[in-house]
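This report refers to the structure that appears directly beneath it.
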2 protein chains.
Amino acid sequence: MNQLADHAESRKGRARRLGKNGDGAERHEAIYRSISDAIIEHRLRPGARLREDALAEVFGISRTGIRKILQRLALEQLVTLTPRRGASVTRPTADEAKDVFDARQMVECGLMPEVARRITEADLRELRDMACREREALRTGEQSTAIKLSAAFHERLARLSGNATLAEFVGRLCSRSSLILAVYGSPGHLGCESHDHDDLIGYLEAGNGERAAAFMSRHLKAIEASLSIVEEVDEAPDLHRIFGH
Amino acid sequence: MNQLADHAESRKGRARRLGKNGDGAERHEAIYRSISDAIIEHRLRPGARLREDALAEVFGISRTGIRKILQRLALEQLVTLTPRRGASVTRPTADEAKDVFDARQMVECGLMPEVARRITEADLRELRDMACREREALRTGEQSTAIKLSAAFHERLARLSGNATLAEFVGRLCSRSSLILAVYGSPGHLGCESHDHDDLIGYLEAGNGERAAAFMSRHLKAIEASLSIVEEVDEAPDLHRIFGH
DNA sequence: GGCACCGGTTACGTATACAATTGAAGCGTG
DNA sequence: CACGCTTCAATTGTATACGTAACCGGTGCC
């Protein structure tokens, strides 16, 4: 529950009198990113409760602002808002996991031809840089960083298609994928193989959208296949199944 | 601005003491639907301002609840939240319109094969009923109803794929499409041709997913082509361009 | 006569206070 | 000894109050 403690940085001092420096909106955005990152990087595990009071104190704003942020996270399905129980990090079901990966399959693969058509030298450089940093993070064992970079890579790729709506959608799917990995992923193995992204960049550089799409399809299938989807039965749910009824 | 008046129904009486009958959450949902419907049905036109006080009074809840709802609408891009200026119905740009229809092209067409595979007799009956009601609304000149039914038809179709994530995405795209039609649509002609949906149902009934997808593609292209996308220049933006700067 | 400055007013942003509901522990009873 | 009831604490839901920034008049000056 104190996994957010690293963000306290004694902000309570300035919290008392806020609003004179017009950083209101940016501050909210920063807090949103903090929580979002913490979830995506698995520093907040699925099921973790997010009490409004605690968050409000940690970030030095009142519950009003926190509620706004939690609501936004809920709409992106990163947190679950149970009516009188508060917020907690979403624990995706097996069905949701399948839906998310099916959706990624359709959208990300469908986007590759357009991306291959529009990609520039500068884009390629940036992608290579991201892939490189991701490999580095993997090598040095910085799991959190690697996870975030991987999601960022996929989103960046989608954004190169020029379609902001679909890019944003892919971004959300990637965030949710990170949650899915947290629940169903085998420990140690975290989704994207280290060299996969580099290979993908190669196809895009060659302008071969079809090959890129096919590779992306295999890539996503591989991630999904690496999941061990075993819906753990929580609280004696078999009573109904066991006794006829 | 009083386009919401039909929903007042003198609720102020019970507003004073709320919370004893536990309709809090459902009430919020109802208000959300009211506003959402009003936008989708073009009873609230793009650009219309949505003042928090006014909405709060009309629906008999405090601004707190209204803000929550407006925020949700903003995340679905039905309303635009300008920092110190309040909320207004989103006026989609030409670029957004293109993005939305490209996204629909990819997702809705891509979903057709799976829908054709899973569709049941009951589903077909329901779809036919919806298409019928839509035709009827068109015939009797009830534009608002027709628009909403058309969007509902497309979303329902997507939901038959079994992928909740993609279905929800399609739903949002349809809502935004409705906004786009409000801005760029030619008056009188409102998107889907009256018999198109019936034809589509025919292909699905035959289990021909490929044909259905091809037809959906033409259908969406036809809608997009019917738009008159002329980005009106709003506030003297050409001064810089006109005088060599 | 037009432009710029400037108060008043309106409406949003934030915090805080209160009400209501849920969860769990404690107690009593069958 | 176990089950159910009651009470209490914790936490969210809602409303309201206050501060502050943005619009819109008027007024004075150039």
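Here, A, B, ... name the chains of the structure tokens in the order displayed, residue numbers run from 1 inside each chain, and ligands are numbered from 1 in the same displayed order.
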
Sorted by chain and rising residue number, which residues of chain A lie within 8 Å of chain C, and what are their closest atom pairs and distances in Å to one decimal, counting only C-alpha atoms (C1' of nucleotides), as a tab-separated table?
residue	atom	partner	partner_atom	distance
A:Ser62	CA	C:DA15	C1'	6.4
A:Thr64	CA	C:DT14	C1'	7.4
A:Gly65	CA	C:DT14	C1'	7.9
A:Arg84	CA	C:DT22	C1'	7.0
A:Arg85	CA	C:DT22	C1'	7.7

Residues just named, written with N, CA and C atoms as a PDB file, in the first residue's frame:
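Below you can see selection_0.pdb, which holds the result:
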ATOM      1  N   SER A  62      -6.320  17.804  -2.417  1.00  0.00           N
ATOM      2  CA  SER A  62      -7.475  17.300  -1.676  1.00  0.00           C
ATOM      3  C   SER A  62      -8.114  16.137  -2.429  1.00  0.00           C
ATOM      4  N   THR A  64     -10.844  15.882  -3.825  1.00  0.00           N
ATOM      5  CA  THR A  64     -11.546  16.264  -5.049  1.00  0.00           C
ATOM      6  C   THR A  64     -10.701  15.965  -6.286  1.00  0.00           C
ATOM      7  N   GLY A  65      -9.473  16.440  -6.246  1.00  0.00           N
ATOM      8  CA  GLY A  65      -8.600  16.219  -7.391  1.00  0.00           C
ATOM      9  C   GLY A  65      -8.306  14.750  -7.600  1.00  0.00           C
ATOM     10  N   ARG A  84     -19.257   1.511  -3.381  1.00  0.00           N
ATOM     11  CA  ARG A  84     -19.030   2.072  -2.040  1.00  0.00           C
ATOM     12  C   ARG A  84     -17.737   1.575  -1.429  1.00  0.00           C
ATOM     13  N   ARG A  85     -16.900   0.984  -2.281  1.00  0.00           N
ATOM     14  CA  ARG A  85     -15.712   0.333  -1.748  1.00  0.00           C
ATOM     15  C   ARG A  85     -14.435   1.043  -2.137  1.00  0.00           C
TER      16      ARG A  85
END

Exercise for review: Determine which residues of chain B sit within 7 Å of chain A, taking into account only C-alpha atoms, and present them as a PyMOL selection string.
Suggested key: chain B and resi 99-100+103+163-166

How close does chain D get to chain B? List, as a Markdown table, each residue of chain D within 8 Å, its nearest atom pair and the distance in Å to one decimal, counting only C-alpha atoms (C1' of nucleotides).
| residue | atom | partner | partner_atom | distance |
| --- | --- | --- | --- | --- |
| D:DT14 | C1' | B:Thr64 | CA | 7.5 |
| D:DA15 | C1' | B:Ser62 | CA | 6.4 |
| D:DA21 | C1' | B:Arg84 | CA | 7.3 |
| D:DA22 | C1' | B:Arg84 | CA | 7.1 |

Output for the residues just chosen: N, CA and C atoms (P, O5', C5', C4', C3', O3' and C1' of nucleotides) as a PDB file, in the first residue's frame:
ATOM      1  P    DT D  14     -23.180  10.330  -5.288  1.00  0.00           P
ATOM      2  O5'  DT D  14     -23.415  11.742  -4.595  1.00  0.00           O
ATOM      3  C5'  DT D  14     -24.295  11.828  -3.484  1.00  0.00           C
ATOM      4  C4'  DT D  14     -24.207  13.180  -2.832  1.00  0.00           C
ATOM      5  C3'  DT D  14     -24.210  14.358  -3.815  1.00  0.00           C
ATOM      6  O3'  DT D  14     -25.476  15.001  -3.737  1.00  0.00           O
ATOM      7  C1'  DT D  14     -22.637  14.652  -2.023  1.00  0.00           C
ATOM      8  P    DA D  15     -25.777  16.301  -4.595  1.00  0.00           P
ATOM      9  O5'  DA D  15     -25.437  17.464  -3.568  1.00  0.00           O
ATOM     10  C5'  DA D  15     -25.892  17.323  -2.234  1.00  0.00           C
ATOM     11  C4'  DA D  15     -25.331  18.427  -1.350  1.00  0.00           C
ATOM     12  C3'  DA D  15     -25.414  19.830  -1.948  1.00  0.00           C
ATOM     13  O3'  DA D  15     -26.010  20.712  -1.009  1.00  0.00           O
ATOM     14  C1'  DA D  15     -23.200  19.356  -1.257  1.00  0.00           C
ATOM     15  P    DA D  21      -5.769  34.120 -10.253  1.00  0.00           P
ATOM     16  O5'  DA D  21      -6.093  33.886 -11.802  1.00  0.00           O
ATOM     17  C5'  DA D  21      -6.325  32.558 -12.254  1.00  0.00           C
ATOM     18  C4'  DA D  21      -7.462  32.544 -13.243  1.00  0.00           C
ATOM     19  C3'  DA D  21      -7.299  33.527 -14.404  1.00  0.00           C
ATOM     20  O3'  DA D  21      -7.586  32.861 -15.617  1.00  0.00           O
ATOM     21  C1'  DA D  21      -9.396  33.826 -13.374  1.00  0.00           C
ATOM     22  P    DA D  22      -7.089  33.468 -16.966  1.00  0.00           P
ATOM     23  O5'  DA D  22      -8.473  33.847 -17.680  1.00  0.00           O
ATOM     24  C5'  DA D  22      -9.263  32.803 -18.229  1.00  0.00           C
ATOM     25  C4'  DA D  22     -10.678  33.289 -18.399  1.00  0.00           C
ATOM     26  C3'  DA D  22     -10.881  34.288 -19.549  1.00  0.00           C
ATOM     27  O3'  DA D  22     -12.033  33.922 -20.266  1.00  0.00           O
ATOM     28  C1'  DA D  22     -11.792  35.150 -17.570  1.00  0.00           C
TER      29       DA D  22
END

Exercise for review: Once DSSP has gone over the backbone, tell me which residues of stretch 112-192 of chain B are in helix (DSSP H, G or I), as a PyMOL selection string.
Suggested key: chain B and resi 112-118+121-139+143-159+164-184

Review point. So how far away is atom CA of A:Leu220 from atom CA of A:Ala131, in Å?
Key: 16.3 Å

**Study point:** Between atom CA of A:Ser194 and atom CA of A:Arg156, distance in Å (one decimal)
**Key:** 17.1 Å
